[in-house]
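As stored in coords-v4.txt (compact mmCIF, C-alpha atoms):
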```
# COMPACT_ATOMS: atom_id res chain seq x y z
CA MET V 1379 164.29 123.18 147.27
CA ASP V 1380 167.91 123.33 148.42
CA ASN V 1381 168.86 124.78 151.78
CA ASP V 1382 170.19 128.06 150.37
CA ALA V 1383 166.92 128.74 148.55
CA LEU V 1384 164.93 127.80 151.63
CA ALA V 1385 167.08 130.09 153.77
CA ALA V 1386 166.41 132.95 151.35
CA ARG V 1387 162.64 132.39 151.61
CA ILE V 1388 162.82 132.24 155.39
CA ASN V 1389 164.94 135.39 155.56
CA ALA V 1390 162.39 137.20 153.41
CA ALA V 1391 159.71 136.30 155.97
CA LEU V 1392 161.64 137.67 158.96
CA PRO V 1393 161.14 141.27 160.12
CA GLN V 1394 164.80 142.23 159.56
CA THR V 1395 165.13 144.04 162.87
CA GLN V 1396 168.57 142.37 163.26
CA CYS V 1397 167.98 142.35 167.04
CA THR V 1398 169.89 139.07 167.72
CA ARG V 1399 167.20 137.94 170.17
CA CYS V 1400 166.89 134.74 168.17
CA GLY V 1401 170.42 133.87 169.29
CA TYR V 1402 172.02 134.59 165.92
CA PRO V 1403 173.95 137.67 164.72
CA ASP V 1404 171.29 138.72 162.22
CA CYS V 1405 168.12 137.58 160.47
CA ALA V 1406 170.02 135.94 157.60
CA ALA V 1407 172.03 133.79 160.01
CA TYR V 1408 168.86 132.70 161.81
CA ALA V 1409 167.21 131.89 158.49
CA SER V 1410 170.18 129.74 157.50
CA ALA V 1411 170.06 127.93 160.84
CA ILE V 1412 166.36 127.13 160.38
CA ALA V 1413 166.89 125.95 156.81
CA ASN V 1414 169.68 123.64 157.91
CA GLY V 1415 167.72 122.22 160.85
CA ARG V 1416 169.85 123.88 163.52
CA ALA V 1417 167.19 126.18 164.98
CA PRO V 1418 163.42 126.07 165.59
CA ILE V 1419 161.05 128.57 164.00
CA ASN V 1420 159.83 130.19 167.23
CA GLN V 1421 162.77 132.36 168.26
CA CYS V 1422 161.85 135.72 166.68
CA PRO V 1423 160.00 138.01 169.14
CA PRO V 1424 159.64 140.92 166.66
CA GLY V 1425 157.78 138.62 164.26
CA GLY V 1426 155.56 137.33 167.03
CA ALA V 1427 152.94 134.64 166.58
CA GLU V 1428 152.22 135.64 162.98
CA GLY V 1429 155.92 135.41 162.22
CA VAL V 1430 156.04 131.86 163.54
CA ALA V 1431 152.99 130.99 161.42
CA ARG V 1432 154.71 132.40 158.32
CA LEU V 1433 157.82 130.32 158.96
CA ALA V 1434 155.70 127.23 159.59
CA ALA V 1435 154.01 127.70 156.20
CA ILE V 1436 157.37 128.03 154.45
CA THR V 1437 159.15 125.16 156.17
CA GLY V 1438 156.26 122.75 156.65
CA LEU V 1439 157.08 122.56 160.35
CA PRO V 1440 154.33 122.80 162.97
CA ALA V 1441 153.66 126.26 164.39
CA LEU V 1442 154.91 126.66 167.94
CA ALA V 1443 154.36 129.20 170.67
CA LEU V 1444 157.04 131.86 170.77
CA ASN V 1445 159.92 130.69 172.94
CA PRO V 1446 159.89 132.93 176.06
CA SER V 1447 163.64 132.47 176.40
CA ASN V 1448 164.04 134.68 173.33
CA GLY V 1449 161.64 137.38 174.53
CA SER V 1450 157.99 138.22 174.12
CA GLU V 1451 155.93 139.77 171.35
CA ALA V 1452 155.64 143.51 171.95
CA PRO V 1453 154.92 146.84 170.23
CA ARG V 1454 157.52 148.20 167.84
CA THR V 1455 159.88 150.66 169.48
CA VAL V 1456 162.41 153.28 168.42
CA ALA V 1457 165.49 154.42 170.29
CA VAL V 1458 165.78 157.94 171.67
CA ILE V 1459 169.02 159.51 172.91
CA ASP V 1460 168.98 161.97 175.80
CA GLU V 1461 171.29 164.42 174.08
CA ASP V 1462 172.05 166.29 177.32
CA TRP V 1463 173.82 163.19 178.62
CA CYS V 1464 175.40 161.86 175.42
CA ILE V 1465 179.23 161.93 175.62
CA GLY V 1466 179.85 161.06 171.97
CA CYS V 1467 181.62 157.77 172.68
CA THR V 1468 180.27 156.30 169.36
CA LEU V 1469 179.66 152.87 170.97
CA CYS V 1470 175.94 153.03 170.18
CA ALA V 1471 176.64 153.79 166.53
CA LYS V 1472 179.00 150.82 166.32
CA ALA V 1473 176.31 148.55 167.79
CA CYS V 1474 173.52 149.72 165.45
CA PRO V 1475 172.85 147.16 162.68
CA THR V 1476 171.24 149.69 160.32
CA ASP V 1477 173.46 152.77 160.79
CA ALA V 1478 170.52 154.61 162.35
CA ILE V 1479 172.70 156.65 164.72
CA THR V 1480 174.60 159.67 163.54
CA GLY V 1481 177.24 161.78 165.26
CA ILE V 1482 180.98 162.17 165.56
CA HIS V 1483 183.44 161.24 168.29
CA LYS V 1484 183.04 163.31 171.47
CA ARG V 1485 180.01 165.09 170.03
CA MET V 1486 176.29 164.55 170.58
CA HIS V 1487 174.68 161.64 168.74
CA THR V 1488 171.09 161.31 167.58
CA ILE V 1489 168.78 158.62 166.20
CA ILE V 1490 167.52 158.72 162.63
CA GLU V 1491 164.07 157.39 163.44
CA ALA V 1492 163.29 156.24 159.89
CA HIS V 1493 166.24 153.83 160.04
CA CYS V 1494 165.73 152.52 163.60
CA THR V 1495 164.33 148.98 163.85
CA GLY V 1496 163.94 148.98 167.63
CA CYS V 1497 166.56 146.26 168.01
CA GLU V 1498 167.69 147.73 171.37
CA LEU V 1499 171.35 146.84 170.73
CA CYS V 1500 172.38 150.43 171.36
CA VAL V 1501 170.94 150.44 174.90
CA PRO V 1502 173.49 148.14 176.61
CA ALA V 1503 176.27 149.67 174.50
CA CYS V 1504 175.76 153.12 176.05
CA PRO V 1505 178.08 153.66 179.06
CA VAL V 1506 176.02 156.55 180.45
CA ASP V 1507 172.55 155.02 180.04
CA CYS V 1508 171.27 157.91 177.91
CA ILE V 1509 169.30 155.76 175.44
CA ALA V 1510 165.67 154.75 175.97
CA MET V 1511 163.20 152.85 173.81
CA GLU V 1512 159.85 154.47 173.03
CA ASN V 1513 156.66 152.84 171.77
CA ALA V 1514 156.18 153.51 168.06
CA SER V 1515 153.16 151.31 167.28
CA GLY V 1516 150.67 151.77 170.12
CA ASP V 1517 148.94 148.49 170.96
CA ALA V 1518 150.00 146.77 167.72
CA THR V 1519 152.58 144.03 168.18
CA GLY V 1520 154.55 141.63 166.00
CA TRP V 1521 153.83 141.90 162.29
CA ALA V 1522 150.82 144.11 163.04
CA ALA V 1523 153.37 146.69 164.23
CA TRP V 1524 155.68 146.13 161.28
CA SER V 1525 155.20 146.19 157.50
CA ALA V 1526 156.75 144.97 154.27
CA PRO V 1527 158.17 148.44 153.41
CA LEU V 1528 159.75 148.74 156.87
CA GLN V 1529 161.14 145.22 156.54
CA GLN V 1530 162.66 145.93 153.13
CA HIS V 1531 164.15 149.23 154.27
CA ALA V 1532 165.70 147.60 157.35
CA ARG V 1533 167.15 144.81 155.23
CA GLU V 1534 168.67 147.25 152.75
CA ARG V 1535 170.14 149.34 155.56
CA HIS V 1536 171.70 146.26 157.17
CA GLU V 1537 173.14 145.00 153.90
CA SER V 1538 174.54 148.46 153.18
CA ARG V 1539 176.20 148.48 156.60
CA LEU V 1540 177.70 145.04 156.00
CA ALA V 1541 179.11 146.29 152.71
CA ARG V 1542 180.59 149.35 154.41
CA LEU V 1543 182.21 147.27 157.16
CA ALA V 1544 183.57 144.75 154.66
CA GLN V 1545 185.05 147.59 152.64
CA SER V 1546 186.66 149.10 155.75
CA ASP V 1547 188.12 145.74 156.77
CA GLN V 1548 189.49 145.15 153.30
CA VAL V 1549 191.07 148.59 153.10
CA ALA V 1550 192.59 148.21 156.56
CA ALA V 1551 194.11 144.85 155.61
CA ALA V 1552 195.50 146.05 152.27
CA PRO V 1553 199.27 146.66 152.08
CA PRO V 1554 200.51 150.23 151.49
CA GLY V 1555 199.95 151.28 147.91
CA ALA V 1556 197.28 148.65 147.19
CA PRO V 1557 194.49 149.67 144.78
CA GLN V 1558 191.92 150.52 147.46
CA ALA V 1559 189.32 151.83 145.02
CA ASP V 1560 189.23 148.49 143.18
CA ALA V 1561 188.93 146.63 146.48
CA ARG V 1562 186.08 148.88 147.51
CA GLN V 1563 184.17 148.34 144.27
CA SER V 1564 184.63 144.58 144.29
CA THR V 1565 183.45 144.32 147.90
CA ILE V 1566 180.33 146.37 147.26
CA ALA V 1567 179.61 144.44 144.05
CA ALA V 1568 179.88 141.11 145.86
CA VAL V 1569 177.52 142.16 148.66
CA LEU V 1570 174.98 143.62 146.24
CA ALA V 1571 175.14 140.48 144.09
CA ARG V 1572 174.33 138.34 147.12
CA ALA V 1573 171.46 140.67 148.03
CA ARG V 1574 170.04 140.51 144.48
CA ALA V 1575 170.33 136.72 144.49
CA ARG V 1576 168.43 136.49 147.77
CA ASN V 1577 165.72 138.84 146.52
CA THR V 1578 165.38 136.84 143.30
CA GLN V 1579 165.07 133.59 145.23
CA SER V 1580 162.54 135.18 147.57
CA ALA V 1581 160.45 136.34 144.63
```
How would this structure read if it were set down as structure tokens?
Amino acid sequence: MDNDALAARINAALPQTQCTRCGYPDCAAYASAIANGRAPINQCPPGGAEGVARLAAITGLPALALNPSNGSEAPRTVAVIDEDWCIGCTLCAKACPTDAITGIHKRMHTIIEAHCTGCELCVPACPVDCIAMENASGDATGWAAWSAPLQQHARERHESRLARLAQSDQVAAAPPGAPQADARQSTIAAVLARARARNTQSA
């Protein structure tokens, strides 16, 4: 199996919280690092011990205890905004990897709970400390607090966000009068093609 195919299998076994606690910008980047021998398999706190065991089975590497430097296994959480204190700065929305925060500039923002992965990236982004994380899984932790449907939804939301940002960057860089609609379509098509390829390899 080549490294790209291995990375796709590893990525499919990660929770897709996109929390960056592994030390990489998203789950796909961490998967690539593992596949290319640049990172160990025990740096994903949301996956917990079961997550490490899954990666060990895929890679053939020995299972390790979760590295405490990356965090500890814990219940799944969701973000909650204290709307009385929200100033509408939009920094939390820019930090969210799954576009789970909605609102407009200088107006109250709110969390779309179904899209929130509990990554906590919005918390340090908030300048008025109006975001808290609430337990969403009781005593269940790691993969016991997560599920394949939640994982797939989070992955799709993240890939959709990447497509949106790529489109915005491409439009911003285009000279005046450039065919922006064509650029938009080609960007989205490229991202979706990569997503389909990864899903096919995972299957």
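CA of His1493 in chain V is positioned 25.0 Å from CA of Leu1433 in chain V.
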With 7 Å as the cut-off and only C-alpha atoms counted, what is the closest atom pair between each nearby residue of range 1489-1553 of chain V and range 1445-1467 of chain V? Distances in Å to one decimal, ordered by chain and number, as CSV.
```
residue,atom,partner,partner_atom,distance
V:Ile1489,CA,V:Val1458,CA,6.3
V:Glu1491,CA,V:Val1456,CA,6.7
V:Cys1494,CA,V:Val1456,CA,5.9
V:Thr1495,CA,V:Val1456,CA,6.6
V:Gly1496,CA,V:Val1456,CA,4.6
V:Cys1508,CA,V:Asp1460,CA,5.1
V:Ile1509,CA,V:Ile1459,CA,4.5
V:Ala1510,CA,V:Val1458,CA,5.4
V:Met1511,CA,V:Ala1457,CA,4.5
V:Glu1512,CA,V:Thr1455,CA,5.2
V:Asn1513,CA,V:Thr1455,CA,4.5
V:Ala1514,CA,V:Thr1455,CA,4.9
V:Ser1515,CA,V:Arg1454,CA,5.4
V:Gly1516,CA,V:Pro1453,CA,6.5
V:Asp1517,CA,V:Pro1453,CA,6.2
V:Ala1518,CA,V:Pro1453,CA,5.5
V:Thr1519,CA,V:Pro1453,CA,4.2
V:Gly1520,CA,V:Glu1451,CA,5.8
V:Ala1523,CA,V:Arg1454,CA,5.7
```
Would you please work out which residue, of V:Ala1522, V:Cys1474, V:Ala1383, V:Leu1469, is nearest to Glu1428 in chain V when using all atoms listed in the file? V:Ala1522
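The spacing separating CA of Cys1504 in chain V from CA of Leu1444 in chain V amounts to 28.8 Å.
Across the model, the gap from CA of Asp1404 in chain V to CA of His1483 in chain V is 26.3 Å.
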Point out the residue among V:Cys1497, V:Ala1492, V:Ile1436, V:Leu1540 with the least atom-to-atom distance to Cys1422 in chain V, counting only C-alpha atoms. V:Cys1497
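Compared by their closest atoms to His1536 in chain V, and using all atoms listed in the file, the residues V:Asn1381, V:Thr1476, V:Pro1418, V:Arg1399 rank with V:Thr1476 nearest.
The residue that comes closest to Pro1424 in chain V, out of V:Ile1388, V:Ala1441, V:Ile1412, V:Cys1400 and on the basis of only C-alpha atoms, is V:Cys1400.
Among the candidates V:Gly1438, V:Pro1505, V:Gly1429, V:Pro1475, the one nearest to Ser1538 in chain V when counting all atoms listed in the file is V:Pro1475.
Using all atoms listed in the file for every distance, the candidate list V:Ala1526, V:Arg1542, V:Thr1468, V:Gly1481 yields V:Thr1468 as the residue closest to Val1506 in chain V.
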Need the axis-aligned box for range 1410-1418 of chain V with 4 Å each side, so what are the centre and edges in Å to one decimal, as JSON?
```
{"center_x": 166.8, "center_y": 126.0, "center_z": 161.2, "size_x": 14.8, "size_y": 15.5, "size_z": 16.8}
```
Atom completion result for range 1410-1446 of chain V (N, CA and C atoms) as an mmCIF file, keeping the file's coordinate frame:
```
data_model
loop_
_atom_site.group_PDB
_atom_site.id
_atom_site.type_symbol
_atom_site.label_atom_id
_atom_site.label_comp_id
_atom_site.auth_asym_id
_atom_site.auth_seq_id
_atom_site.Cartn_x
_atom_site.Cartn_y
_atom_site.Cartn_z
ATOM 1 N N SER V 1410 169.317 130.853 157.926
ATOM 2 C CA SER V 1410 170.180 129.740 157.500
ATOM 3 C C SER V 1410 170.132 128.607 158.519
ATOM 4 N N ALA V 1411 170.116 128.958 159.799
ATOM 5 C CA ALA V 1411 170.060 127.930 160.840
ATOM 6 C C ALA V 1411 168.756 127.137 160.770
ATOM 7 N N ILE V 1412 167.652 127.828 160.521
ATOM 8 C CA ILE V 1412 166.360 127.130 160.380
ATOM 9 C C ILE V 1412 166.403 126.205 159.170
ATOM 10 N N ALA V 1413 166.868 126.724 158.047
ATOM 11 C CA ALA V 1413 166.890 125.950 156.810
ATOM 12 C C ALA V 1413 167.744 124.697 156.925
ATOM 13 N N ASN V 1414 168.782 124.778 157.756
ATOM 14 C CA ASN V 1414 169.680 123.640 157.910
ATOM 15 C C ASN V 1414 169.357 122.791 159.142
ATOM 16 N N GLY V 1415 168.181 123.043 159.745
ATOM 17 C CA GLY V 1415 167.720 122.220 160.850
ATOM 18 C C GLY V 1415 168.440 122.446 162.163
ATOM 19 N N ARG V 1416 169.099 123.609 162.299
ATOM 20 C CA ARG V 1416 169.850 123.880 163.520
ATOM 21 C C ARG V 1416 169.092 124.764 164.513
ATOM 22 N N ALA V 1417 167.950 125.293 164.096
ATOM 23 C CA ALA V 1417 167.190 126.180 164.980
ATOM 24 C C ALA V 1417 165.701 126.006 164.728
ATOM 25 N N PRO V 1418 164.874 126.129 165.763
ATOM 26 C CA PRO V 1418 163.420 126.070 165.590
ATOM 27 C C PRO V 1418 162.891 127.382 165.031
ATOM 28 N N ILE V 1419 161.631 127.399 164.677
ATOM 29 C CA ILE V 1419 161.050 128.570 164.000
ATOM 30 C C ILE V 1419 160.403 129.562 164.962
ATOM 31 N N ASN V 1420 160.557 129.362 166.255
ATOM 32 C CA ASN V 1420 159.830 130.190 167.230
ATOM 33 C C ASN V 1420 160.740 131.053 168.089
ATOM 34 N N GLN V 1421 161.798 131.585 167.491
ATOM 35 C CA GLN V 1421 162.770 132.360 168.260
ATOM 36 C C GLN V 1421 162.844 133.820 167.837
ATOM 37 N N CYS V 1422 161.821 134.341 167.168
ATOM 38 C CA CYS V 1422 161.850 135.720 166.680
ATOM 39 C C CYS V 1422 160.744 136.546 167.339
ATOM 40 N N PRO V 1423 161.018 137.199 168.470
ATOM 41 C CA PRO V 1423 160.000 138.010 169.140
ATOM 42 C C PRO V 1423 159.430 139.139 168.276
ATOM 43 N N PRO V 1424 160.236 139.848 167.475
ATOM 44 C CA PRO V 1424 159.640 140.920 166.660
ATOM 45 C C PRO V 1424 158.594 140.409 165.665
ATOM 46 N N GLY V 1425 158.764 139.181 165.171
ATOM 47 C CA GLY V 1425 157.780 138.620 164.260
ATOM 48 C C GLY V 1425 156.537 138.135 164.978
ATOM 49 N N GLY V 1426 156.694 137.763 166.236
ATOM 50 C CA GLY V 1426 155.560 137.330 167.030
ATOM 51 C C GLY V 1426 154.909 136.061 166.527
ATOM 52 N N ALA V 1427 153.675 135.859 166.944
ATOM 53 C CA ALA V 1427 152.940 134.640 166.580
ATOM 54 C C ALA V 1427 152.718 134.551 165.073
ATOM 55 N N GLU V 1428 152.421 135.680 164.444
ATOM 56 C CA GLU V 1428 152.220 135.640 162.980
ATOM 57 C C GLU V 1428 153.519 135.278 162.281
ATOM 58 N N GLY V 1429 154.628 135.757 162.803
ATOM 59 C CA GLY V 1429 155.920 135.410 162.220
ATOM 60 C C GLY V 1429 156.186 133.919 162.284
ATOM 61 N N VAL V 1430 155.859 133.300 163.409
ATOM 62 C CA VAL V 1430 156.040 131.860 163.540
ATOM 63 C C VAL V 1430 155.144 131.134 162.539
ATOM 64 N N ALA V 1431 153.915 131.615 162.374
ATOM 65 C CA ALA V 1431 152.990 130.990 161.420
ATOM 66 C C ALA V 1431 153.530 131.101 159.994
ATOM 67 N N ARG V 1432 154.125 132.232 159.658
ATOM 68 C CA ARG V 1432 154.710 132.400 158.320
ATOM 69 C C ARG V 1432 155.848 131.407 158.094
ATOM 70 N N LEU V 1433 156.706 131.254 159.097
ATOM 71 C CA LEU V 1433 157.820 130.320 158.960
ATOM 72 C C LEU V 1433 157.339 128.885 158.896
ATOM 73 N N ALA V 1434 156.264 128.574 159.632
ATOM 74 C CA ALA V 1434 155.700 127.230 159.590
ATOM 75 C C ALA V 1434 155.185 126.919 158.175
ATOM 76 N N ALA V 1435 154.544 127.906 157.552
ATOM 77 C CA ALA V 1435 154.010 127.700 156.200
ATOM 78 C C ALA V 1435 155.134 127.477 155.193
ATOM 79 N N ILE V 1436 156.252 128.159 155.384
ATOM 80 C CA ILE V 1436 157.370 128.030 154.450
ATOM 81 C C ILE V 1436 158.108 126.711 154.635
ATOM 82 N N THR V 1437 158.328 126.338 155.882
ATOM 83 C CA THR V 1437 159.150 125.160 156.170
ATOM 84 C C THR V 1437 158.368 123.857 156.249
ATOM 85 N N GLY V 1438 157.048 123.950 156.446
ATOM 86 C CA GLY V 1438 156.260 122.750 156.650
ATOM 87 C C GLY V 1438 156.334 122.216 158.067
ATOM 88 N N LEU V 1439 156.981 122.963 158.945
ATOM 89 C CA LEU V 1439 157.080 122.560 160.350
ATOM 90 C C LEU V 1439 155.844 123.029 161.109
ATOM 91 N N PRO V 1440 155.510 122.365 162.199
ATOM 92 C CA PRO V 1440 154.330 122.800 162.970
ATOM 93 C C PRO V 1440 154.596 124.141 163.650
ATOM 94 N N ALA V 1441 153.555 124.965 163.706
ATOM 95 C CA ALA V 1441 153.660 126.260 164.390
ATOM 96 C C ALA V 1441 153.802 126.014 165.886
ATOM 97 N N LEU V 1442 154.664 126.787 166.507
ATOM 98 C CA LEU V 1442 154.910 126.660 167.940
ATOM 99 C C LEU V 1442 154.653 127.988 168.623
ATOM 100 N N ALA V 1443 154.435 127.959 169.916
ATOM 101 C CA ALA V 1443 154.360 129.200 170.670
ATOM 102 C C ALA V 1443 155.739 129.839 170.700
ATOM 103 N N LEU V 1444 155.774 131.148 170.707
ATOM 104 C CA LEU V 1444 157.040 131.860 170.770
ATOM 105 C C LEU V 1444 157.818 131.423 172.005
ATOM 106 N N ASN V 1445 159.092 131.128 171.826
ATOM 107 C CA ASN V 1445 159.920 130.690 172.940
ATOM 108 C C ASN V 1445 160.184 131.867 173.886
ATOM 109 N N PRO V 1446 159.707 131.807 175.140
ATOM 110 C CA PRO V 1446 159.890 132.930 176.060
ATOM 111 C C PRO V 1446 161.347 133.220 176.377
#
```
